[in-house]
Amino acid sequence: MTLLSYLRTVMGLTGSKLGCAEGGCGACTVLVSHRVPGTQDIRHASVNACLMPVLAAHECHVTTVEGVGSVKNDGLHPVQKAMVDMHGSQCGFCTPGIIVSLYTLLSNQETATVEQVEEHLDGNLCRCTGYRPIWDAAKSLTIEAVGPCGTPCRECPERDECEQDCNVQDKELEASSGAEESKPSEESICCTSSEDKMKAYQKEFKGTSSTWRNQPDEMFPEELKQDKVVNPLLVVDSSAAATESASTWIQPTTFSELLRVVAEGNCKLVVGNTEVGIEVRFKHALYPKLVHPASSISELFQSPTVMNHKETTTLSMGSCCPLSTIQHECGHLASDSPDMKRTCQPIHDMLRWFASTQIRNVACLGGNLVTASPISDMNPLLASMNANLVLASANGLGDTIKRRSCLVSDFFLKYRTVALQPGEVVESVEIPLLKKFFNYVYPFKQARRREDDISIVTAGMRIELVPTNNGFTIQDIAIAFGGMAPTTVMAPKTAEALIGQEFCELTFNTAGDVLLEELALPEAVPGGQAAYRMTLAASFLKKFYLSVLRDLHDDLKAIKGNEGSYSLDGVILADPPALDESEQSGTRNFLMEKKPNYSGVQQYPSPKVVNYKGLEEEKLPPVQSMAAAAAAAEAAKNGGAVGKAVTHQSGPLHCTGEALYVDDIPTPPATLHASLVLSKECGRVFKSVAAEDALAVPGVAGFFSHQDLVALGGNNNLGPILTDEVVFLPLGEVVRTVGQVLGIVVGDTLEAAELGARKVGINYEDQPQNSQKIIVTVQDAIEANSFYENSRHVLARGDVAALDTLATVADTAIGNGAPKPGDIVKVSGQFHSGAQEHFYLETQGTLVVPSDGDTNLTVYCSSQAPTKTQTFCAAATGTPAAKVAVRVKRMGGGFGGKETRSVPFSAAVAVAAKAVARPVKLILPRDVDMKTSGTRHVFVSKYQATAQVTEDGGAKLMSLDIKLFANGGCGFDLSGPVVDRALFHSDGCYNFPNFRCEGVVCKTVQAPHTAYRGFGGPQGIAANEHVLEHLALACNVPIDNLRRSNMYKNGDSTHFGMIIGEEDGGKWNIPVMWDRMYTELNVQQRREEIKEFNEQHKYIKRGLTLLPTKFGIAYTAKFMNQGGSLVHLYTDGTVLVSHGGTEMGQGLHTKVCQVAAQAFGIPVDDVYVNDSSTDKVANTIPTAASMSTDTYGMATLDACRQILERLEPIRKELGPNASLKEIAKKAHFSRVDLSAHGFFALMNERCGFDFTIEMPPDFPVGERPWNSWKGHPFNYFTQGVACTEVEVDLLTGNHRTLRSDLMVDVGSSINPAIDIGQIEGAFTQGMGWSTIEDVVYGDDDHTWIRPRGSLFTSGPGTYKIPAFNDVPEIFNVTLLENVENPWAVHSSKAIGEPPFYLGASVYNAVKDAVIAARKDTSPGYFEMRLPATSERIRMYAADSLALKAVDKVCLGGVESGSFQPQGSF
């Protein structure tokens, strides 16, 4: 049992969350404290409770988030309070783990620094916030924090000194306002920055620091502080469900005792359980005997110590010493002793980026070595440093110990096999110390993400130089790699080519060619990325040479400055090879660099004291009553609720772990746990199923499948549009996808259910006379003509005949001289944008409780669509919908992934619950969730486009003909509407007079793909922006010029028939925002500076982009633009709101509470939303399309106004000074209804679009835009502009986002803090989609993945979302002022999805940097596929190293500069 399972199921402490079960997300983080043996010191360490065995916590004190602080009695710890007040939580699922990580840091540090905070959050992920507010909250607790304005500039006490742009502008505004200068401007600016964030907190925190900083020590139990004999621990697992996997846990306390146990054989040593835990959880490995060495065994837990031997001096450390201890001790040794730095600093630097803080706190070198991972970080470094292992075993029956030595470089025999003899353990690691001069060691690694990631290639390289009169000779060199073979490998041929040679560039260039031969990989190598991995190996060697050369120059300076420091033995030191200044950039290595100090400024218009007026003034009946007027006056007096940066109403609960999610709900008695039975292949017939072995597992209560659903009278069909999916696949049907649900097993425990599910036997048979290739990718679908034809839609306008002839026109040659004014330039090509996993931290989950003789079902689930869940749970179980109540308290993230894809799982659980007549709970494991629930759609876009070069040096867009192909998977789901929205957004922000777009969904064997933040819009915009950049290159026009000069203007019409401007889509602000940012951010000057930087740096390039976005707001299906809200006013003056929307972290409930509080003139804290439930508000629409505040804010306001009207007579009777409590109480006794159901439906003329409608005969051509007869798809547009600057390392593909500035039009924000949080979170998701998040399937590009069609990237180990270290180092967000929106509640605008595409500005900036790199070698057009992973960045650089690797892998079959890295498109 893991520590997490024990805490949650036995102790009932549900604050720690299960996010991934592999230590990759940090949601399970807890604090483990123990006394250091032989001392009174207490060591506090954050650990992943999902991996740590509970027995490993023997004699430890465990603190969960519940022990940090509680909402009860205002008991928030300062860490929690800072996180709440800084808006550091959204969905809140990740928050407890982050709180505990910070709490641990402060437990170990008397005074934490910003740098320590930046190093400490590498093991936690957040999918919602974009990290900036968490950084601010964390840094507020450091000794360097200072504090905010966060108030209108004119109220700031530091106004005279403040030089923020907002303050400068407001002072100018004040100076120009004459007599009004003493009055606060309605559009004055609030500004809050990271550097100026925490003034209000510092006095409190520092004044009480002794209280809360000592809390962990004070909570440590006295009995654990006492010196006592440590006894061995022996625990035998005798649980019924573990009969097959029963094991014995042994914890020896002396080394000889340990060796005796190991000598008995059939055992597995476990220290951190970071590898064994994964093997047990995901590979179902069985270990009859687990041996966990006690920390009292000093031989194994010795921290790094300098040892003097006869012939050498070594740095020695116990094999079980935690990696974090080694890291920190090596860091201290390196900084304290110059003689130790060369040996210790590389170890420190590599470990600093090894896994995460939580993993390093428990993992050890011995486990890393014995596991023999072929992509280990430390093993190659140790091998290159000539490290030696001391291997120990018991010598007979006595206590004597037999020891032998083995070089690390000789330790790895083959894949996952090492040179340990039976009964041996690794006792210690000994690393020879390097000499003071002319000896160098460097670590290298490249992964998909810098923090907490498994390397793609890792290396350690050591060299010893000998000075001669003519220069320097390579006396010895050792080069070791991980990720280049089934084991850690040395490169002896390359070393042989270097030893004895002159240390110079030519020598290393020759060696690089040898290395590419020595480590050549086949194209279909397991793990893929053959050319990239070879390129990285050669690039690391290049970096090694440059780094040694740099440090050699430094050594020579030191020797010449202190001639006695090195014995020359008569040698006259020659000058080393010159190091060109531009080549110094090749020495950059993120492993050795300080992590950036992240900061940002957030600016927004200050809240208005008058009521925000929006669509309610037109749509809702006017309220003239005295009660409403009094409420408005009260709201104005209190500053109003709407427009304030109120914290998330669940924020305190998030930060204390007291917020309940589905898996936290106290389960009713007799609740069963469920595990799905899934197909393991596809394209074959589901022939039969055998459940006997499953039912024989102790604790298993049943197996249910299609036949049980039929027995209940249920309907097996599913689907939000087409019912082309099933709850359970019937026998005899073809398996459509790997991971299709075949049945469900329920048991008394989760362990029993999972074991039972694995025991279910599934038989398949081939389809008769079917040899068709399994269709996985878009290209497969095109070749097989596999489409959902009902999804094929076309929009066209302008000269269609001209568009028809585009394909016959040759493309304009690029590079053959600049086109002349008047020339029409034509380009064609294609663009690929990849998938994206939702990676909500809370996986799909459902608890179904039958009642009333199993005739009623209550469904607790994590879903954006309660009514859809109700509909299909009712249908699947043969239950009337009225007897199925679906309740959603909150979700731990959704992003569209729980709009439809939660429904099949809930339906399966409902069938099991009704069939077995007991409550059933299913929480999907992370890997199952990712394999079965779908992703963002892959798009492949094919285009033809033209532009005409103008006299002013610009170009005018002329025509675009584009076809969009989306990978929909094996079920239609929402793919049709997703493609439709992509079509609507395929114009970007630009006016193509002649425009045609066609879209279709491809049918493949992937899991059905679904809604994801942006819903196809980002894919359409990305394709359009790619076309613009292609045209800019062909026209020889700067991209900024082409974008700006071709933006829509007021009065222009879109290809779907809306007119840009006030009436149709709201005020058009893109050009204004673009011009303002271009000027205020000095874009032109920065481009010049970047150009100069790039010329001076050969291997590091920078890029910049300025990118606009518009996003249409409304469901294009008219019926979906509706919603209801039920409002109760209680006699104590508080208000309960129940509406049709769901809370997934976006702050919907908080905003709705603000709307209600504003209406009643009461504080926001007096309004509450409990949950979303189908028995309170029926027939709801899924919470999606960013429409929820627009819909439910209006519906709630409608209900509030109804109640206010009824209160009018009471208000008159009691007078204007009566409180709402007094009025409500009097009304109740006067038999006045204090409840109201509000409803809102967007006006017919502002929503709905039907592709099938033909142009009416009487359509006024020329007066109304083309295609406007089909409808009006959007109520308005939310708009934004982003400016992003990046830096890329051309030798590795690593990139950093240096700065991002965003300006977004959100109308009059109901809650600017929530809106800014949505902007930052959406940006970071968009950045992830377009750079590091790469979904990989078994397909033609990845033949090493089996079976074909299966998902490889099914957990945080293989799929990487942005981490704390990936966000822009400077991250500024501004909400545009003076932008009221008459088409939504209180003049606000929707914000959840629109900023997502702004994150792709990172991709475009990376592309700008890569273009600069290709300027001299491959200056023409290239398709830079999205995402811009490290592999793509490196290989698109197309330098000589990359080209050589490609030539070897592809056998010379690829044209220079045109290589495309593999991808699942």
# chains A, B, ... in the order shown; residues from 1 in each chain; ligands from 1
call {"tool": "residues_around", "arguments": {"residues": "Asp377 of chain A", "least_positions_apart": "2", "cutoff": "10 Å", "atoms": "only C-alpha atoms", "output": "VMD selection string"}}
result
chain A and resid 350 to 351 353 to 355 368 373 to 375 379 to 382 443 to 446 454 to 460 481 to 483 488
call {"tool": "residues_around", "arguments": {"residues": "Glu1089 of chain A", "least_positions_apart": "4", "cutoff": "12 Å", "atoms": "only C-alpha atoms", "output": "list of chain:residue names"}}
result
A:Asn1082, A:Val1083, A:Gln1084, A:Gln1085, A:Phe1093, A:Asn1094, A:Glu1095, A:Gln1096, A:Lys1101, A:Arg1102, A:Gly1103, A:Leu1104, A:Glu1285
call {"tool": "write_last_selection", "arguments": {"atoms": "all heavy atoms", "output": "mmCIF file, in the first residue's frame"}}
result
data_model
loop_
_atom_site.group_PDB
_atom_site.id
_atom_site.type_symbol
_atom_site.label_atom_id
_atom_site.label_comp_id
_atom_site.auth_asym_id
_atom_site.auth_seq_id
_atom_site.Cartn_x
_atom_site.Cartn_y
_atom_site.Cartn_z
ATOM 1 N N ASN A 1082 8.297 48.936 -28.103
ATOM 2 C CA ASN A 1082 9.465 49.214 -28.949
ATOM 3 C C ASN A 1082 9.811 48.025 -29.851
ATOM 4 O O ASN A 1082 10.955 47.573 -29.915
ATOM 5 C CB ASN A 1082 10.687 49.568 -28.090
ATOM 6 C CG ASN A 1082 10.460 50.776 -27.229
ATOM 7 O OD1 ASN A 1082 9.963 51.792 -27.703
ATOM 8 N ND2 ASN A 1082 10.801 50.682 -25.945
ATOM 9 N N VAL A 1083 8.794 47.511 -30.527
ATOM 10 C CA VAL A 1083 8.983 46.296 -31.311
ATOM 11 C C VAL A 1083 10.041 46.484 -32.392
ATOM 12 O O VAL A 1083 10.915 45.614 -32.577
ATOM 13 C CB VAL A 1083 7.645 45.852 -31.935
ATOM 14 C CG1 VAL A 1083 7.858 44.727 -32.946
ATOM 15 C CG2 VAL A 1083 6.680 45.395 -30.844
ATOM 16 N N GLN A 1084 9.995 47.598 -33.085
ATOM 17 C CA GLN A 1084 10.964 47.807 -34.165
ATOM 18 C C GLN A 1084 12.390 47.844 -33.615
ATOM 19 O O GLN A 1084 13.292 47.205 -34.165
ATOM 20 C CB GLN A 1084 10.652 49.112 -34.906
ATOM 21 C CG GLN A 1084 11.526 49.320 -36.134
ATOM 22 C CD GLN A 1084 11.038 50.491 -36.983
ATOM 23 O OE1 GLN A 1084 9.976 51.050 -36.734
ATOM 24 N NE2 GLN A 1084 11.819 50.863 -37.977
ATOM 25 N N GLN A 1085 12.579 48.558 -32.507
ATOM 26 C CA GLN A 1085 13.915 48.634 -31.910
ATOM 27 C C GLN A 1085 14.354 47.268 -31.390
ATOM 28 O O GLN A 1085 15.514 46.870 -31.564
ATOM 29 C CB GLN A 1085 13.905 49.647 -30.761
ATOM 30 C CG GLN A 1085 15.248 49.764 -30.050
ATOM 31 C CD GLN A 1085 15.185 50.731 -28.877
ATOM 32 O OE1 GLN A 1085 14.325 51.601 -28.835
ATOM 33 N NE2 GLN A 1085 16.088 50.554 -27.933
ATOM 34 N N PHE A 1093 21.966 40.796 -31.876
ATOM 35 C CA PHE A 1093 22.288 39.686 -30.983
ATOM 36 C C PHE A 1093 22.557 38.422 -31.792
ATOM 37 O O PHE A 1093 23.528 37.702 -31.535
ATOM 38 C CB PHE A 1093 21.130 39.460 -30.010
ATOM 39 C CG PHE A 1093 21.311 38.275 -29.087
ATOM 40 C CD1 PHE A 1093 21.873 38.437 -27.837
ATOM 41 C CD2 PHE A 1093 20.922 36.990 -29.478
ATOM 42 C CE1 PHE A 1093 22.057 37.347 -26.984
ATOM 43 C CE2 PHE A 1093 21.095 35.900 -28.644
ATOM 44 C CZ PHE A 1093 21.669 36.084 -27.394
ATOM 45 N N ASN A 1094 21.716 38.149 -32.749
ATOM 46 C CA ASN A 1094 21.859 36.924 -33.548
ATOM 47 C C ASN A 1094 23.138 36.928 -34.360
ATOM 48 O O ASN A 1094 23.757 35.871 -34.577
ATOM 49 C CB ASN A 1094 20.644 36.748 -34.451
ATOM 50 C CG ASN A 1094 19.384 36.388 -33.671
ATOM 51 O OD1 ASN A 1094 19.454 35.933 -32.535
ATOM 52 N ND2 ASN A 1094 18.226 36.604 -34.280
ATOM 53 N N GLU A 1095 23.541 38.081 -34.816
ATOM 54 C CA GLU A 1095 24.791 38.172 -35.573
ATOM 55 C C GLU A 1095 25.994 37.901 -34.680
ATOM 56 O O GLU A 1095 27.033 37.428 -35.144
ATOM 57 C CB GLU A 1095 24.906 39.546 -36.225
ATOM 58 C CG GLU A 1095 23.928 39.754 -37.378
ATOM 59 C CD GLU A 1095 23.915 41.182 -37.888
ATOM 60 O OE1 GLU A 1095 24.536 42.044 -37.226
ATOM 61 O OE2 GLU A 1095 23.272 41.445 -38.930
ATOM 62 N N GLN A 1096 25.856 38.190 -33.396
ATOM 63 C CA GLN A 1096 26.972 38.035 -32.461
ATOM 64 C C GLN A 1096 26.981 36.679 -31.763
ATOM 65 O O GLN A 1096 27.915 36.382 -31.022
ATOM 66 C CB GLN A 1096 26.915 39.149 -31.408
ATOM 67 C CG GLN A 1096 27.114 40.543 -31.987
ATOM 68 C CD GLN A 1096 26.875 41.635 -30.964
ATOM 69 O OE1 GLN A 1096 26.470 41.365 -29.830
ATOM 70 N NE2 GLN A 1096 27.119 42.875 -31.355
ATOM 71 N N LYS A 1101 20.063 31.871 -30.726
ATOM 72 C CA LYS A 1101 19.331 32.849 -31.523
ATOM 73 C C LYS A 1101 18.075 33.290 -30.770
ATOM 74 O O LYS A 1101 17.490 32.524 -30.004
ATOM 75 C CB LYS A 1101 18.918 32.261 -32.880
ATOM 76 C CG LYS A 1101 20.081 31.771 -33.742
ATOM 77 C CD LYS A 1101 21.000 32.893 -34.176
ATOM 78 C CE LYS A 1101 22.121 32.345 -35.064
ATOM 79 N NZ LYS A 1101 23.111 33.403 -35.412
ATOM 80 N N ARG A 1102 17.700 34.509 -31.030
ATOM 81 C CA ARG A 1102 16.471 35.038 -30.450
ATOM 82 C C ARG A 1102 15.458 35.334 -31.548
ATOM 83 O O ARG A 1102 15.828 35.572 -32.703
ATOM 84 C CB ARG A 1102 16.754 36.296 -29.623
ATOM 85 C CG ARG A 1102 17.496 36.009 -28.334
ATOM 86 C CD ARG A 1102 17.749 37.236 -27.501
ATOM 87 N NE ARG A 1102 18.398 36.873 -26.236
ATOM 88 C CZ ARG A 1102 18.828 37.733 -25.345
ATOM 89 N NH1 ARG A 1102 18.684 39.051 -25.549
ATOM 90 N NH2 ARG A 1102 19.404 37.320 -24.220
ATOM 91 N N GLY A 1103 14.212 35.310 -31.159
ATOM 92 C CA GLY A 1103 13.138 35.615 -32.095
ATOM 93 C C GLY A 1103 12.029 36.356 -31.377
ATOM 94 O O GLY A 1103 11.886 36.267 -30.152
ATOM 95 N N LEU A 1104 11.231 37.075 -32.150
ATOM 96 C CA LEU A 1104 10.142 37.867 -31.579
ATOM 97 C C LEU A 1104 8.951 37.809 -32.518
ATOM 98 O O LEU A 1104 9.106 37.763 -33.742
ATOM 99 C CB LEU A 1104 10.593 39.312 -31.358
ATOM 100 C CG LEU A 1104 9.590 40.299 -30.764
ATOM 101 C CD1 LEU A 1104 10.296 41.283 -29.824
ATOM 102 C CD2 LEU A 1104 8.836 41.066 -31.837
ATOM 103 N N GLU A 1285 9.066 37.225 -26.908
ATOM 104 C CA GLU A 1285 10.469 37.100 -27.312
ATOM 105 C C GLU A 1285 11.046 35.834 -26.696
ATOM 106 O O GLU A 1285 10.831 35.553 -25.518
ATOM 107 C CB GLU A 1285 11.274 38.314 -26.845
ATOM 108 C CG GLU A 1285 12.725 38.301 -27.288
ATOM 109 C CD GLU A 1285 13.473 39.578 -26.934
ATOM 110 O OE1 GLU A 1285 12.815 40.563 -26.543
ATOM 111 O OE2 GLU A 1285 14.713 39.580 -27.037
#
call {"tool": "closest_atom_pairs", "arguments": {"of": "segment 1307-1407 of chain A", "to": "segment 516-523 of chain A", "cutoff": "12 Å", "atoms": "only C-alpha atoms", "output": "CSV"}}
result
residue,atom,partner,partner_atom,distance
A:Asp1340,CA,A:Glu523,CA,11.4
A:Asp1341,CA,A:Glu523,CA,9.2
A:His1342,CA,A:Glu523,CA,9.4
A:Thr1343,CA,A:Glu523,CA,9.7
A:Trp1344,CA,A:Glu523,CA,10.0
call {"tool": "write_last_selection", "arguments": {"atoms": "all heavy atoms", "output": "PDB file, in the first residue's frame"}}
result
ATOM      1  N   ASP A1340       2.851   5.070 -38.831  1.00  0.00           N
ATOM      2  CA  ASP A1340       3.937   4.865 -39.801  1.00  0.00           C
ATOM      3  C   ASP A1340       5.231   5.526 -39.354  1.00  0.00           C
ATOM      4  O   ASP A1340       6.322   5.057 -39.708  1.00  0.00           O
ATOM      5  CB  ASP A1340       3.529   5.434 -41.169  1.00  0.00           C
ATOM      6  CG  ASP A1340       2.471   4.580 -41.846  1.00  0.00           C
ATOM      7  OD1 ASP A1340       2.212   3.462 -41.352  1.00  0.00           O
ATOM      8  OD2 ASP A1340       1.885   5.038 -42.853  1.00  0.00           O
ATOM      9  N   ASP A1341       5.130   6.622 -38.616  1.00  0.00           N
ATOM     10  CA  ASP A1341       6.326   7.300 -38.124  1.00  0.00           C
ATOM     11  C   ASP A1341       6.871   6.664 -36.854  1.00  0.00           C
ATOM     12  O   ASP A1341       7.994   6.974 -36.439  1.00  0.00           O
ATOM     13  CB  ASP A1341       6.025   8.775 -37.850  1.00  0.00           C
ATOM     14  CG  ASP A1341       6.240   9.651 -39.068  1.00  0.00           C
ATOM     15  OD1 ASP A1341       6.459   9.089 -40.157  1.00  0.00           O
ATOM     16  OD2 ASP A1341       6.188  10.892 -38.954  1.00  0.00           O
ATOM     17  N   HIS A1342       6.063   5.827 -36.206  1.00  0.00           N
ATOM     18  CA  HIS A1342       6.468   5.249 -34.924  1.00  0.00           C
ATOM     19  C   HIS A1342       6.146   3.754 -34.920  1.00  0.00           C
ATOM     20  O   HIS A1342       5.326   3.280 -34.144  1.00  0.00           O
ATOM     21  CB  HIS A1342       5.750   5.950 -33.767  1.00  0.00           C
ATOM     22  CG  HIS A1342       5.903   7.439 -33.775  1.00  0.00           C
ATOM     23  ND1 HIS A1342       4.981   8.271 -34.377  1.00  0.00           N
ATOM     24  CD2 HIS A1342       6.872   8.243 -33.271  1.00  0.00           C
ATOM     25  CE1 HIS A1342       5.386   9.531 -34.235  1.00  0.00           C
ATOM     26  NE2 HIS A1342       6.520   9.535 -33.580  1.00  0.00           N
ATOM     27  N   THR A1343       6.813   3.026 -35.797  1.00  0.00           N
ATOM     28  CA  THR A1343       6.524   1.597 -35.945  1.00  0.00           C
ATOM     29  C   THR A1343       6.993   0.791 -34.740  1.00  0.00           C
ATOM     30  O   THR A1343       6.607  -0.370 -34.589  1.00  0.00           O
ATOM     31  CB  THR A1343       7.185   1.056 -37.219  1.00  0.00           C
ATOM     32  OG1 THR A1343       8.597   1.348 -37.183  1.00  0.00           O
ATOM     33  CG2 THR A1343       6.590   1.718 -38.460  1.00  0.00           C
ATOM     34  N   TRP A1344       7.821   1.380 -33.897  1.00  0.00           N
ATOM     35  CA  TRP A1344       8.302   0.685 -32.707  1.00  0.00           C
ATOM     36  C   TRP A1344       7.245   0.643 -31.605  1.00  0.00           C
ATOM     37  O   TRP A1344       7.420  -0.062 -30.592  1.00  0.00           O
ATOM     38  CB  TRP A1344       9.579   1.353 -32.185  1.00  0.00           C
ATOM     39  CG  TRP A1344       9.466   2.850 -32.037  1.00  0.00           C
ATOM     40  CD1 TRP A1344       9.694   3.783 -33.001  1.00  0.00           C
ATOM     41  CD2 TRP A1344       9.081   3.564 -30.860  1.00  0.00           C
ATOM     42  NE1 TRP A1344       9.488   5.049 -32.509  1.00  0.00           N
ATOM     43  CE2 TRP A1344       9.118   4.949 -31.194  1.00  0.00           C
ATOM     44  CE3 TRP A1344       8.739   3.199 -29.567  1.00  0.00           C
ATOM     45  CZ2 TRP A1344       8.800   5.941 -30.274  1.00  0.00           C
ATOM     46  CZ3 TRP A1344       8.428   4.186 -28.639  1.00  0.00           C
ATOM     47  CH2 TRP A1344       8.461   5.541 -28.998  1.00  0.00           C
TER      48      TRP A1344
END
call {"tool": "residues_around", "arguments": {"residues": "Val466 of chain A", "least_positions_apart": "6", "cutoff": "12 Å", "atoms": "only C-alpha atoms", "output": "list in words"}}
result
Lys435, Phe437, Phe438, Asn439, Phe472, Thr473, Ile474, Gln475, Asp476, Ile477, Ile499, Gly500, Gln501, Glu502, Phe503, Leu552, Ser567, Leu568, Asp569, Val571, Ile572, Leu573, Ala574 and Pro576 of chain A
call {"tool": "select_by_dssp", "arguments": {"residues": "segment 352-501 of chain A", "states": "strand (DSSP E or B)", "output": "VMD selection string"}}
result
chain A and resid 364 388 to 394 401 to 407 412 to 414 417 to 418 425 to 432 439 to 447 455 to 468 471 to 482 489 to 490
call {"tool": "residues_around", "arguments": {"residues": "Arg1246 of chain A", "least_positions_apart": "5", "cutoff": "9 Å", "atoms": "only C-alpha atoms", "output": "mmCIF file with N, CA and C atoms, in the first residue's frame"}}
result
data_model
loop_
_atom_site.group_PDB
_atom_site.id
_atom_site.type_symbol
_atom_site.label_atom_id
_atom_site.label_comp_id
_atom_site.auth_asym_id
_atom_site.auth_seq_id
_atom_site.Cartn_x
_atom_site.Cartn_y
_atom_site.Cartn_z
ATOM 1 N N ASP A 1064 -22.448 44.191 -35.313
ATOM 2 C CA ASP A 1064 -22.380 42.759 -35.545
ATOM 3 C C ASP A 1064 -21.517 42.043 -34.506
ATOM 4 N N ALA A 1114 -20.150 32.483 -28.744
ATOM 5 C CA ALA A 1114 -21.511 31.942 -28.825
ATOM 6 C C ALA A 1114 -21.384 30.506 -29.291
ATOM 7 N N GLY A 1271 -26.724 32.762 -41.211
ATOM 8 C CA GLY A 1271 -26.875 33.024 -39.791
ATOM 9 C C GLY A 1271 -25.850 34.017 -39.275
ATOM 10 N N HIS A 1272 -25.798 34.107 -37.960
ATOM 11 C CA HIS A 1272 -24.933 35.048 -37.253
ATOM 12 C C HIS A 1272 -24.217 34.238 -36.169
ATOM 13 N N PRO A 1273 -23.073 33.636 -36.476
ATOM 14 C CA PRO A 1273 -22.509 32.627 -35.570
ATOM 15 C C PRO A 1273 -22.092 33.151 -34.209
ATOM 16 N N PHE A 1274 -21.722 34.447 -34.118
ATOM 17 C CA PHE A 1274 -21.150 34.922 -32.864
ATOM 18 C C PHE A 1274 -21.842 36.191 -32.384
ATOM 19 N N ASN A 1275 -21.977 36.269 -31.073
ATOM 20 C CA ASN A 1275 -22.550 37.458 -30.442
ATOM 21 C C ASN A 1275 -21.575 38.624 -30.497
ATOM 22 N N TYR A 1276 -20.300 38.323 -30.257
ATOM 23 C CA TYR A 1276 -19.240 39.341 -30.311
ATOM 24 C C TYR A 1276 -17.905 38.611 -30.351
#
call {"tool": "residues_around", "arguments": {"residues": "segment 337-345 of chain A", "least_positions_apart": "3", "cutoff": "7 Å", "atoms": "only C-alpha atoms", "output": "list in words"}}
result
Cys330, Gly331, Leu333, Ala334, His348, Asp349, Leu433, Leu434, Lys436, Tyr440 and Val441 of chain A
call {"tool": "atom_distance", "arguments": {"atom1": "atom CA of Ser902 of chain A", "atom2": "atom CA of Cys970 of chain A"}}
result
16.3 Å
call {"tool": "residues_around", "arguments": {"residues": "segment 77-93 of chain A", "least_positions_apart": "2", "cutoff": "6 Å", "atoms": "only C-alpha atoms", "output": "list in words"}}
result
Gly69, Thr95, Pro133, Ile134, Ala137, Gly651, Pro652, His654, Cys655, Gly892, Gly893, Met1144 and Gly1145 of chain A
call {"tool": "residues_around", "arguments": {"residues": "Pro492 of chain A", "least_positions_apart": "4", "cutoff": "8 Å", "atoms": "only C-alpha atoms", "output": "list in words"}}
result
Ala478, Ile479 and Glu496 of chain A
call {"tool": "write_last_selection", "arguments": {"atoms": "all heavy atoms", "output": "PDB file, in the first residue's frame"}}
result
ATOM      1  N   ALA A 478      37.049  10.604 -21.693  1.00  0.00           N
ATOM      2  CA  ALA A 478      36.003   9.590 -21.517  1.00  0.00           C
ATOM      3  C   ALA A 478      34.666  10.231 -21.884  1.00  0.00           C
ATOM      4  O   ALA A 478      34.327  11.315 -21.392  1.00  0.00           O
ATOM      5  CB  ALA A 478      35.967   9.084 -20.080  1.00  0.00           C
ATOM      6  N   ILE A 479      33.941   9.569 -22.756  1.00  0.00           N
ATOM      7  CA  ILE A 479      32.667  10.089 -23.254  1.00  0.00           C
ATOM      8  C   ILE A 479      31.613   9.010 -23.063  1.00  0.00           C
ATOM      9  O   ILE A 479      31.758   7.897 -23.581  1.00  0.00           O
ATOM     10  CB  ILE A 479      32.764  10.471 -24.748  1.00  0.00           C
ATOM     11  CG1 ILE A 479      33.890  11.483 -24.968  1.00  0.00           C
ATOM     12  CG2 ILE A 479      31.440  11.021 -25.245  1.00  0.00           C
ATOM     13  CD1 ILE A 479      34.212  11.725 -26.423  1.00  0.00           C
ATOM     14  N   GLU A 496      39.272   7.173 -28.823  1.00  0.00           N
ATOM     15  CA  GLU A 496      40.521   6.769 -29.475  1.00  0.00           C
ATOM     16  C   GLU A 496      40.942   7.788 -30.535  1.00  0.00           C
ATOM     17  O   GLU A 496      42.130   8.070 -30.710  1.00  0.00           O
ATOM     18  CB  GLU A 496      40.342   5.387 -30.104  1.00  0.00           C
ATOM     19  CG  GLU A 496      41.603   4.827 -30.737  1.00  0.00           C
ATOM     20  CD  GLU A 496      41.372   3.463 -31.370  1.00  0.00           C
ATOM     21  OE1 GLU A 496      40.280   2.884 -31.150  1.00  0.00           O
ATOM     22  OE2 GLU A 496      42.259   2.996 -32.103  1.00  0.00           O
TER      23      GLU A 496
END
